[in-house]
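*Asks:* Once you've had a glance at the structure underneath, I'll fire off some questions.
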Amino acid sequence: MLEFLLGHSVWAFRGGELAFGRGWPLWLLWAGIVLGALAIAFTMWQRRFSWWRATVLGALQVAFLALLLVLLWRPVLNLEEIRERQNVVAVVVDDSGSMNTADAEGGATRRAQAVTALQGDLLEQIAERSDLRLFGFSDRALSVESLQELQGGAATTRVGDALDTVTQMAASVPMAAVVLVSDGADTANTLNEAALARLKATGIPVHTIGVGPEQPENDLELEQLQVPGRAVADSTVRAVVSIRHQDQRSTRVRVYDREKLVAAQDVTLGDASGLSTVAVEFPAGDAGVRDLRVAVDGARNETRLTNNERHAVLEVDARRRTVLYVEGEPRWEYKFIRRAAEGDKSLRLASAVRATPNRFYRQGLTSGEELVNGFPETEAELFSYDAVILGSFEAAALSPEQHQWLKDFVDRRGGSLLLLAGRDGLGDGGWNRVPVSPLLPAKLPSGASRTYGRLDSRVKLTDYGRESPVGRLDADPAKNDAAWLELPVLADYQEVGDLRPGAVVLLETVAGNTTLPLLVTQRYGRGATWVLATATTWRWQMQMPLADQKHETFWRQMLYALAAPAPQRVSVEAERPVYEDDTAVTLEAEVLDESFKPVPKAELAIEAVAESGTRVPARVEPSGRGDGRYTVAVDAREPGLYRVNLTASADGKQVGTAMAHVRREDGVLEQFSSWQHRPMLERIATDTGGRYWTLDDLAGLPEAIRYSRAGMVERQTLDLWNMPLAFLLLALLKAGEWLLRRRWRRL
Amino acid sequence: MGSRARQFRQHLGLASATALCVLLSATVSGNGETHVQTQRPDPEFRIARMAYNDNNMMGGFGRFGGGAYMTDAPEAEFHLTQGIRRLTRVNTIDPERENPLWLVQPSDPRLFENPFLYAVEVGRWYLDDEEAANLRDYLLRGGFLMVDDFHGDAQWEAFLESMERVFPDRQWKDIPDDHEVFHVLYDLDHKTQIPGIGALRDGSTCEQCYYGGAEPHWRGYFDDDGRLMVAINFNMDLGDAWEHADWADYPQPLTALAYRFAISYALYAMTH
């Protein structure tokens with residue numbers, strides 16, 4: 001109807017430009033309209049109509065006159081139209097696994113819906129004026145003779161790459177348009193800003209046809225899973241699970257180590273549909289690899305369960321962490337820290353307490369020579385520990401070399417240093433003027449007055465503390481906050497001074513109206529430094545019920561936080577623990593010497609073994625930066641768990657060994673985020689000058705392509721004066737005036 | 001009019017100054033504060049003396065105040081604390097400035113503020129069920145009890161009568177020679193009996209010598225991890241040895257040995 005009234009296709013108007021074909025000056029048109037309007041106004045004034053009747057009748061007459069004059073000037077539409085049979089139009093149909101989803105009424109797959117919509121008159125109409133080329137794509141675009149050739153089920157969708165491939169044809173043949181039929185789920189992230197800019201630069205309009213529902217219905221999806229790559233044996237591991245949901249308000253998350261259930265937790269989802277992120281804790285268990293599967297219970301009547309689970313790999317370290325604790329005087333804090341650490345198979349607390357001015361009492365040793373003078377006497381001995389705790393121990397007790405080793409221990413070796421409060425601790429112990437002091441999270445006070453003293457205060461968890469394993473006394477966040485507030489009061493405090501910009505406060509202490517930093521940390525170099533401004537956490541143990549484990553829990557977690565991140569001399573880590581639909585597995589290895597300096601020319605022997613026991617090809621390349629880092633590439637074709645063993649040697653001597661596991665999976669990506677990504681499809685169309693279409697409204701597509709500005713086009717000028725709409729308007733204006741005059745009896 | 005304007009300006013100035021002060025104080029007392037006025041720190045170590053009820057075994061001195069639990073006080077604490085200060089790096093109270101005697105009843109919640117407890121003449125103590133339960137919690141949480149100055153079978157039985165309420169499921173054991181408590185600082189020969197001054201004046205080293213008091217015994221109660229919780233100095237009087245450290249007629253070697261035992265107990269308690 002609209003096209004009848006306009007006399008031409010709507011798409012001609014969308015792509016064309018209006019102009020006047022008569023060549024007369026435009027000012028004359030405006031002058032004619034103004035003069036005519038003045039004459040009509042004068043006539044109305046003479047007739048002495050009431051003002052509003054005069055206005056209505058005058059407006060109708062002026063509109064009639066203006067339209068007539070416009071038509072006299074001969075309005076035309078200048079446009080470009082693709083030349084018949086001289087252009088290519090590429091129809092690119094998503095043939096990936098997500099198009100297998102049968103989410104239409106009647107059980108038709110998305111691919112079937114698309115084929116049905118295209119195979120009617122649509123492709124024939126396009127083919128009438130253009131050379132039609134059909135493509136199917138998933139991980140790459142392939143030319144097909146007919147849509148029946150689309151097989152479907154490919155593992156990845158690379159929309160950006162497919163469009164790149166197809167538009168490259170424009171270099172050899174004129175291309176009028178690309179029609180992209182897809183759900184828009186680009187699983188390989190090929191549709192980034194750079195790809196869109198390249199696409200726009202081709203000048204070829206891309207018309208996008210969206211397939212599939214825009215909102216998943218009754219579907220829970222485990223969109224993202226984050227599990228630490230490594231953990232210490234018997235520690236607690238936290239998995240962060242992001243669940244996309246609609247109106248479901250709760251579900252249950254289960255963690256399996258292969259088929260063995262290791263944790264299950266009911267979680268509450270957000271009120272609004274979208275993404276909810278929850279944390280689930282589970283025991284790391286004994287040393288070894290954990291092949292984890294995290295699954296979300298399906299919603300009621302949920303049919304699509306393939307996106308309810310994801311895999312992760314956790315290396316549970318067999319290596320026992322070693323923490324050195326040097327205390328300058330016998331203190332209850334020392335005793336109770338030792339008691340908290342005792343019995344933990346994964347942790348060795350080697351300690352020396354200066355019992356008398358001349359004698360250290362040593363505990364947790366592996367030999368009689370260890371810590372014989374209280375503090376390590378060589379750099380290598382110090383570097384053999386993963387973390388160091390210094391109590392009420394004055395800085396002057398160490399030699400300048402030992403102070404330098406301590407600084408290098410944090411900076412180069414990657415260890416952690418914790419300073420405790422005490423009469424000889426922190427600023428009062430002179431730790432504000434030693435090489436390690438710039439590494440500390442606070443600028444320790446250096447005034448003459450003592451900074452350590454009696455202060456009754458309660459502990460409060462900060463936001464950072466809530467996110468840290470150190471701050472977790474209870475898995476439930478609300479109970480955890482309450483647990484900290486319920487702890488018995490601390491009886492001392494030592495000023496830590498001004499915090500450095502990179503410092504993170506995990507615990508605060510509240511005394512009256514004053515809130516003070518209690519546990520502060522910051523990363524420095526490869527390691528980290530910590531300050532705990534109290535030495536009376538032992539009161540938690542003595543003043544809480546016997547069964548209460550908060551003191552033990554806090555200190556064990558503290559010791560793990562200190563010791564667990566310390567790197568080894570030889571390490572190998574996968575870039576990501578699970579490779580989904582990607583066979584090129586990449587790992588990074590690092591080799592350090594005894595002083596934890598890089599070994600740039602190490603000889604690395606790599607053995608990569610698939611779950612089936614088959615050895616697979618692997619190659620090593622140094623980074624080329626002399627930083628002791630190497631890239632390990634493994635060709636992992638078959639799915640399953642891979643073990644990668646690395647042996648590093650230098651100058652004919654073995655430096656060390658390392659092992660990593662990585663999981664390979666196929667057919668995963670297409671199961672996730674598989675609803676229609678309409679915003680992305682609209683963005684492609686808008687950026688390129690095309691249009692977004694739905695499957696049930698494709699009738700205008702051939703005409704839209706006809707008036708494309710890409711490819712071989714010819715300019716056309718269409719007369720508009722003869723539009724039926726113009727004559728209809730003229731008639732309506734006069735008819736309206738006549739009816740009004742008749743009604744007002746002044747015809 | 002001029003006076004009103006002046007008044008207005010004065011009020012405005014006052015209000016501005018107040019607002020500035022409030023803002024400044026808010027800035028200082030906010031979360032960014034790192035300075036606070038603390039009091040003198042507590043000494044790390046002090047001896048808490050258990051003020052127990054008397055079991056009336058010896059006729060008794062009645063309930064608290066002047067009972068058997070006060071034996072040797074406060075001179076024993078005075079001398080021992082000075083000995084610990086002199087010979088170790090343990091930060092104790094200064095008995096020259098502060099009363100070294102600190103009494104605590106076994107049912108008192110303050111018991112849990114000090115993990116080192118001393119009970120003397122425990123052959124005459126009586127712990128009811130509540131006190132026994134409190135002491136059990138204290139010991140299992142990490143507290144340490146040193147008992148001393150009781151002699152002979154009858155006092156041993158009286159001691160056990162209360163201890164069995166404290167630990168109905170644990171048995172005392174002899175502390176072996178190679179136990180860490182005797183080697184934490186010194187290598188102690190613990191065959192030497194440390195006598196009370198009364199016995200010495202009678203020309204003996206034991207009390208109740210014919211009724212099971214002749215042989216000194218170092219016994220203890222241990223927790224599930226083998227740590228010594230209760231150090232029992234049976235048929236000995238370490239308290240007298242400390243108390244009479246400045247007496248000419250009390251042998252210096254015995255005082256020195258008593259110091260060494262007490263220091264070993266203290267260091268063990270502070271490290272295990």
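Each chain in the structure tokens gets a letter, A, B and so on, in the order shown; residues start at 1 in every chain, and ligands are counted from 1 in the order they appear.
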Using only C-alpha atoms, I'd like every residue of chain A that has an atom within 8 Å of chain B; please write them out as an NGL selection string.
*Replies:* :A and (329-332 or 334-336 or 338-339 or 354-357 or 361 or 451-455 or 492-493 or 495-498 or 513-517 or 539 or 541-543 or 545-546)
*Asks:* Now that the selection is made, can you save its residues with C-alpha atoms as an mmCIF file, in the first residue's frame?
*Replies:*
data_model
loop_
_atom_site.group_PDB
_atom_site.id
_atom_site.type_symbol
_atom_site.label_atom_id
_atom_site.label_comp_id
_atom_site.auth_asym_id
_atom_site.auth_seq_id
_atom_site.Cartn_x
_atom_site.Cartn_y
_atom_site.Cartn_z
ATOM 1 C CA GLU A 329 61.491 -13.060 73.247
ATOM 2 C CA PRO A 330 59.236 -15.806 74.614
ATOM 3 C CA ARG A 331 55.642 -14.677 74.035
ATOM 4 C CA TRP A 332 52.264 -16.290 74.310
ATOM 5 C CA TYR A 334 54.487 -17.522 69.626
ATOM 6 C CA LYS A 335 53.192 -20.492 71.570
ATOM 7 C CA PHE A 336 49.681 -20.268 70.195
ATOM 8 C CA ARG A 338 52.891 -22.836 66.896
ATOM 9 C CA ARG A 339 49.960 -24.772 68.328
ATOM 10 C CA ARG A 354 65.409 -16.005 71.788
ATOM 11 C CA ALA A 355 64.888 -17.509 75.248
ATOM 12 C CA THR A 356 67.859 -15.804 76.856
ATOM 13 C CA PRO A 357 70.125 -13.053 75.568
ATOM 14 C CA TYR A 361 65.185 -22.190 71.494
ATOM 15 C CA THR A 451 54.420 2.910 69.411
ATOM 16 C CA TYR A 452 53.520 -0.367 71.127
ATOM 17 C CA GLY A 453 51.143 -0.388 74.047
ATOM 18 C CA ARG A 454 48.004 -1.634 75.738
ATOM 19 C CA LEU A 455 44.770 -1.008 73.847
ATOM 20 C CA ASP A 492 47.593 -4.445 72.462
ATOM 21 C CA TYR A 493 48.231 -2.345 69.399
ATOM 22 C CA GLU A 495 51.073 1.949 65.250
ATOM 23 C CA VAL A 496 51.886 1.014 61.688
ATOM 24 C CA GLY A 497 52.279 4.560 60.356
ATOM 25 C CA ASP A 498 51.036 5.915 57.051
ATOM 26 C CA ASN A 513 35.379 5.640 67.934
ATOM 27 C CA THR A 514 38.757 4.970 66.416
ATOM 28 C CA THR A 515 39.317 2.494 63.621
ATOM 29 C CA LEU A 516 42.881 1.476 62.947
ATOM 30 C CA PRO A 517 44.559 -0.779 60.394
ATOM 31 C CA ARG A 539 43.487 -14.362 73.709
ATOM 32 C CA GLN A 541 42.254 -19.192 71.810
ATOM 33 C CA MET A 542 42.241 -18.835 75.586
ATOM 34 C CA GLN A 543 38.935 -16.988 75.861
ATOM 35 C CA PRO A 545 35.176 -22.201 74.023
ATOM 36 C CA LEU A 546 37.423 -25.216 73.705
#
*Asks:* Give me, as a list in words, all polymer residues having an atom no more than 12 Å from Ala19 (chain A), counting only C-alpha atoms and skipping those fewer than 6 positions away in the same chain.
*Replies:* Phe13, Leu26, Val70, Leu71, Trp73, Arg74, Pro75, Val76, Leu77, Asn78, Leu79, Thr717, Leu718, Asp719, Leu720 and Trp721 of chain A
*Asks:* So that I can check the secondary structure, give me every residue of region 89-211 of chain B assigned strand (DSSP E) by backbone DSSP, as number ranges by chain.
*Replies:* B: 103-104, 116-120, 125-126, 144-150, 173-174
*Asks:* I'd like the contact shell of region 265-269 of chain A - 6 Å cut-off, only C-alpha atoms, skipping same-chain residues fewer than 5 positions apart - returned as a PyMOL selection string.
*Replies:* chain A and resi 249-253+276
*Asks:* Can I get the selection written as an mmCIF file, in the first residue's frame, with C-alpha atoms?
*Replies:*
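Now in again29.cif:
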data_model
loop_
_atom_site.group_PDB
_atom_site.id
_atom_site.type_symbol
_atom_site.label_atom_id
_atom_site.label_comp_id
_atom_site.auth_asym_id
_atom_site.auth_seq_id
_atom_site.Cartn_x
_atom_site.Cartn_y
_atom_site.Cartn_z
ATOM 1 C CA ARG A 249 15.804 -17.627 42.809
ATOM 2 C CA SER A 250 17.972 -20.458 44.085
ATOM 3 C CA THR A 251 19.836 -23.528 42.996
ATOM 4 C CA ARG A 252 22.453 -25.932 44.267
ATOM 5 C CA VAL A 253 26.066 -25.981 43.145
ATOM 6 C CA SER A 276 24.657 -13.971 39.842
#
*Asks:* Using DSSP on the backbone coordinates, identify all residues within region 457-566 of chain A classified as alpha helix (DSSP H); present the result as a PyMOL selection string.
*Replies:* chain A and resi 463-467+477-485+538-543+550-563
*Asks:* Just the residues within 12 Å of Asn235 (chain B), please, counting only C-alpha atoms, with nothing from its chain fewer than 5 positions along; format it as a PDB file with N, CA and C atoms, in the first residue's frame.
*Replies:*
ATOM      1  N   VAL B 120      49.962 -23.953  95.117  1.00  0.00           N
ATOM      2  CA  VAL B 120      50.871 -24.468  96.133  1.00  0.00           C
ATOM      3  C   VAL B 120      50.056 -25.224  97.188  1.00  0.00           C
ATOM      4  N   GLU B 121      50.724 -26.178  97.839  1.00  0.00           N
ATOM      5  CA  GLU B 121      50.076 -26.997  98.873  1.00  0.00           C
ATOM      6  C   GLU B 121      48.778 -27.611  98.348  1.00  0.00           C
ATOM      7  N   VAL B 122      48.884 -28.204  97.174  1.00  0.00           N
ATOM      8  CA  VAL B 122      47.670 -28.729  96.535  1.00  0.00           C
ATOM      9  C   VAL B 122      47.157 -30.009  97.200  1.00  0.00           C
ATOM     10  N   GLY B 123      47.883 -30.478  98.193  1.00  0.00           N
ATOM     11  CA  GLY B 123      47.329 -31.561  99.002  1.00  0.00           C
ATOM     12  C   GLY B 123      46.180 -31.072  99.859  1.00  0.00           C
ATOM     13  N   VAL B 147      52.172 -27.199  89.989  1.00  0.00           N
ATOM     14  CA  VAL B 147      51.758 -27.429  91.391  1.00  0.00           C
ATOM     15  C   VAL B 147      52.983 -27.886  92.192  1.00  0.00           C
ATOM     16  N   ASP B 148      52.921 -27.575  93.479  1.00  0.00           N
ATOM     17  CA  ASP B 148      54.145 -27.697  94.270  1.00  0.00           C
ATOM     18  C   ASP B 148      53.778 -27.806  95.746  1.00  0.00           C
ATOM     19  N   ASP B 149      54.754 -28.249  96.515  1.00  0.00           N
ATOM     20  CA  ASP B 149      54.701 -28.225  97.977  1.00  0.00           C
ATOM     21  C   ASP B 149      53.562 -29.077  98.525  1.00  0.00           C
ATOM     22  N   PHE B 150      53.563 -30.315  98.161  1.00  0.00           N
ATOM     23  CA  PHE B 150      52.681 -31.270  98.840  1.00  0.00           C
ATOM     24  C   PHE B 150      53.437 -32.591  98.942  1.00  0.00           C
ATOM     25  N   HIS B 151      53.152 -33.302  99.996  1.00  0.00           N
ATOM     26  CA  HIS B 151      54.049 -34.379 100.397  1.00  0.00           C
ATOM     27  C   HIS B 151      53.249 -35.563 100.940  1.00  0.00           C
ATOM     28  N   GLY B 152      53.717 -36.734 100.685  1.00  0.00           N
ATOM     29  CA  GLY B 152      53.168 -37.951 101.268  1.00  0.00           C
ATOM     30  C   GLY B 152      51.907 -38.439 100.573  1.00  0.00           C
ATOM     31  N   ASP B 153      51.584 -39.673 100.897  1.00  0.00           N
ATOM     32  CA  ASP B 153      50.484 -40.351 100.197  1.00  0.00           C
ATOM     33  C   ASP B 153      49.139 -39.671 100.422  1.00  0.00           C
ATOM     34  N   ALA B 154      48.924 -39.218 101.655  1.00  0.00           N
ATOM     35  CA  ALA B 154      47.606 -38.652 101.957  1.00  0.00           C
ATOM     36  C   ALA B 154      47.369 -37.386 101.139  1.00  0.00           C
ATOM     37  N   GLN B 155      48.413 -36.525 101.059  1.00  0.00           N
ATOM     38  CA  GLN B 155      48.234 -35.286 100.293  1.00  0.00           C
ATOM     39  C   GLN B 155      48.139 -35.584  98.795  1.00  0.00           C
ATOM     40  N   TRP B 156      48.856 -36.618  98.357  1.00  0.00           N
ATOM     41  CA  TRP B 156      48.744 -37.025  96.955  1.00  0.00           C
ATOM     42  C   TRP B 156      47.314 -37.432  96.631  1.00  0.00           C
ATOM     43  N   LYS B 191      66.745 -35.606  89.722  1.00  0.00           N
ATOM     44  CA  LYS B 191      66.717 -36.561  90.833  1.00  0.00           C
ATOM     45  C   LYS B 191      66.892 -35.845  92.178  1.00  0.00           C
ATOM     46  N   THR B 192      67.269 -34.592  92.127  1.00  0.00           N
ATOM     47  CA  THR B 192      67.529 -33.873  93.365  1.00  0.00           C
ATOM     48  C   THR B 192      66.227 -33.383  93.982  1.00  0.00           C
ATOM     49  N   GLN B 193      66.023 -33.748  95.234  1.00  0.00           N
ATOM     50  CA  GLN B 193      64.811 -33.301  95.929  1.00  0.00           C
ATOM     51  C   GLN B 193      65.029 -31.880  96.439  1.00  0.00           C
ATOM     52  N   ILE B 194      64.084 -31.010  96.185  1.00  0.00           N
ATOM     53  CA  ILE B 194      64.194 -29.626  96.656  1.00  0.00           C
ATOM     54  C   ILE B 194      63.299 -29.506  97.891  1.00  0.00           C
ATOM     55  N   PRO B 195      63.906 -29.364  99.051  1.00  0.00           N
ATOM     56  CA  PRO B 195      63.121 -29.451 100.286  1.00  0.00           C
ATOM     57  C   PRO B 195      62.563 -28.102 100.727  1.00  0.00           C
ATOM     58  N   GLY B 196      61.597 -28.166 101.642  1.00  0.00           N
ATOM     59  CA  GLY B 196      61.103 -26.982 102.314  1.00  0.00           C
ATOM     60  C   GLY B 196      62.071 -26.602 103.413  1.00  0.00           C
ATOM     61  N   ALA B 199      61.896 -28.781 106.690  1.00  0.00           N
ATOM     62  CA  ALA B 199      62.558 -30.075 106.616  1.00  0.00           C
ATOM     63  C   ALA B 199      64.063 -29.917 106.752  1.00  0.00           C
ATOM     64  N   THR B 205      65.530 -33.783 103.932  1.00  0.00           N
ATOM     65  CA  THR B 205      65.134 -33.132 102.682  1.00  0.00           C
ATOM     66  C   THR B 205      63.684 -33.443 102.340  1.00  0.00           C
ATOM     67  N   CYS B 206      63.028 -34.210 103.212  1.00  0.00           N
ATOM     68  CA  CYS B 206      61.649 -34.585 102.876  1.00  0.00           C
ATOM     69  C   CYS B 206      60.704 -34.265 104.024  1.00  0.00           C
ATOM     70  N   GLU B 207      59.462 -34.147 103.660  1.00  0.00           N
ATOM     71  CA  GLU B 207      58.389 -34.048 104.642  1.00  0.00           C
ATOM     72  C   GLU B 207      57.552 -35.317 104.478  1.00  0.00           C
ATOM     73  N   GLN B 208      56.855 -35.725 105.505  1.00  0.00           N
ATOM     74  CA  GLN B 208      56.062 -36.979 105.455  1.00  0.00           C
ATOM     75  C   GLN B 208      56.951 -38.134 104.963  1.00  0.00           C
ATOM     76  N   CYS B 209      58.175 -38.122 105.465  1.00  0.00           N
ATOM     77  CA  CYS B 209      59.172 -39.053 104.928  1.00  0.00           C
ATOM     78  C   CYS B 209      58.751 -40.511 105.052  1.00  0.00           C
ATOM     79  N   TYR B 210      58.052 -40.846 106.099  1.00  0.00           N
ATOM     80  CA  TYR B 210      57.667 -42.247 106.315  1.00  0.00           C
ATOM     81  C   TYR B 210      56.269 -42.553 105.777  1.00  0.00           C
ATOM     82  N   TYR B 211      55.662 -41.570 105.171  1.00  0.00           N
ATOM     83  CA  TYR B 211      54.287 -41.774 104.657  1.00  0.00           C
ATOM     84  C   TYR B 211      54.218 -41.443 103.170  1.00  0.00           C
ATOM     85  N   GLY B 212      55.281 -41.855 102.477  1.00  0.00           N
ATOM     86  CA  GLY B 212      55.290 -41.659 101.018  1.00  0.00           C
ATOM     87  C   GLY B 212      55.916 -40.358 100.587  1.00  0.00           C
ATOM     88  N   GLY B 213      56.570 -39.625 101.477  1.00  0.00           N
ATOM     89  CA  GLY B 213      57.122 -38.317 101.109  1.00  0.00           C
ATOM     90  C   GLY B 213      58.613 -38.310 100.896  1.00  0.00           C
ATOM     91  N   ALA B 214      59.241 -39.480 100.929  1.00  0.00           N
ATOM     92  CA  ALA B 214      60.708 -39.515 100.881  1.00  0.00           C
ATOM     93  C   ALA B 214      61.247 -39.253  99.474  1.00  0.00           C
ATOM     94  N   GLU B 215      60.578 -39.795  98.494  1.00  0.00           N
ATOM     95  CA  GLU B 215      61.109 -39.723  97.112  1.00  0.00           C
ATOM     96  C   GLU B 215      60.488 -38.539  96.366  1.00  0.00           C
ATOM     97  N   PRO B 216      61.303 -37.713  95.716  1.00  0.00           N
ATOM     98  CA  PRO B 216      60.716 -36.648  94.890  1.00  0.00           C
ATOM     99  C   PRO B 216      60.185 -37.232  93.576  1.00  0.00           C
ATOM    100  N   HIS B 217      59.096 -36.672  93.108  1.00  0.00           N
ATOM    101  CA  HIS B 217      58.511 -37.142  91.841  1.00  0.00           C
ATOM    102  C   HIS B 217      58.156 -35.945  90.962  1.00  0.00           C
ATOM    103  N   TRP B 218      58.515 -36.053  89.682  1.00  0.00           N
ATOM    104  CA  TRP B 218      58.099 -35.060  88.684  1.00  0.00           C
ATOM    105  C   TRP B 218      57.056 -35.749  87.801  1.00  0.00           C
ATOM    106  N   ARG B 219      55.859 -35.366  87.998  1.00  0.00           N
ATOM    107  CA  ARG B 219      54.750 -36.013  87.285  1.00  0.00           C
ATOM    108  C   ARG B 219      53.981 -34.968  86.482  1.00  0.00           C
TER     109      ARG B 219
END
*Asks:* If you count only C-alpha atoms, which residues fall within 10 Å of region 649-654 of chain A, apart from same-chain ones fewer than 4 positions away, as a list in words?
*Replies:*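 In the requested format, the answer is Val570, Val591, Asp593, Val599, Pro600, Lys601, Ala602, Glu603, Leu604 and Ala605 of chain A.
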*Asks:* Would you write out those residues with N, CA and C atoms, as an mmCIF file, in the first residue's frame?
*Replies:*
data_model
loop_
_atom_site.group_PDB
_atom_site.id
_atom_site.type_symbol
_atom_site.label_atom_id
_atom_site.label_comp_id
_atom_site.auth_asym_id
_atom_site.auth_seq_id
_atom_site.Cartn_x
_atom_site.Cartn_y
_atom_site.Cartn_z
ATOM 1 N N VAL A 570 61.717 -24.156 39.413
ATOM 2 C CA VAL A 570 61.247 -24.603 38.099
ATOM 3 C C VAL A 570 59.727 -24.723 38.168
ATOM 4 N N VAL A 591 62.466 -21.001 34.715
ATOM 5 C CA VAL A 591 63.596 -21.683 35.347
ATOM 6 C C VAL A 591 64.462 -20.636 36.047
ATOM 7 N N ASP A 593 67.715 -19.960 39.077
ATOM 8 C CA ASP A 593 68.857 -20.620 39.721
ATOM 9 C C ASP A 593 68.686 -20.587 41.250
ATOM 10 N N VAL A 599 67.357 -18.318 34.511
ATOM 11 C CA VAL A 599 68.302 -19.138 33.745
ATOM 12 C C VAL A 599 67.839 -19.068 32.288
ATOM 13 N N PRO A 600 68.462 -18.183 31.484
ATOM 14 C CA PRO A 600 67.931 -17.969 30.127
ATOM 15 C C PRO A 600 68.257 -19.089 29.148
ATOM 16 N N LYS A 601 69.288 -19.884 29.447
ATOM 17 C CA LYS A 601 69.663 -20.908 28.481
ATOM 18 C C LYS A 601 69.546 -22.304 29.089
ATOM 19 N N ALA A 602 68.441 -22.551 29.702
ATOM 20 C CA ALA A 602 68.224 -23.873 30.292
ATOM 21 C C ALA A 602 67.847 -24.862 29.197
ATOM 22 N N GLU A 603 68.152 -26.123 29.464
ATOM 23 C CA GLU A 603 67.702 -27.176 28.540
ATOM 24 C C GLU A 603 66.455 -27.788 29.159
ATOM 25 N N LEU A 604 65.359 -27.741 28.390
ATOM 26 C CA LEU A 604 64.092 -28.232 28.934
ATOM 27 C C LEU A 604 63.679 -29.509 28.205
ATOM 28 N N ALA A 605 63.376 -30.510 28.971
ATOM 29 C CA ALA A 605 62.815 -31.743 28.410
ATOM 30 C C ALA A 605 61.340 -31.785 28.765
#
*Asks:* Considering only C-alpha atoms, return as a list in words whatever protein or nucleic-acid residues lie within 9 Å of region 634-636 of chain A, sequence-local ones (same chain, fewer than 6 positions apart) excluded.
*Replies:*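 So, after excluding close chain neighbours, the residues are Asp582, Thr583, Ala584, Val585, Thr586, Leu587, Ala608, Ala610, Val616, Pro617, Ala618, Arg619, Tyr642, Val644 and Arg664 of chain A.
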*Asks:* May I ask for the distance between CA of Trp30 (chain A) and CA of Asn722 (chain A), given in Å to one decimal place?
*Replies:*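 These two atoms are separated by 21.3 Å.
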*Asks:* Which neighbours of region 120-128 of chain A fall inside 8 Å, counting only C-alpha atoms, when residues of the same chain fewer than 4 positions from it are skipped, and could you give them as a list in words?
*Replies:*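 That gives Glu84, Arg85, Val89, Thr116, Leu132, Leu698, Ala699, Leu701, Pro702 and Ile705 of chain A.
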*Asks:* So what do you get for CA of Asp189 (chain B) versus CA of Asn233 (chain B), distance-wise?
*Replies:*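 Distance between the two atoms: 13.8 Å.
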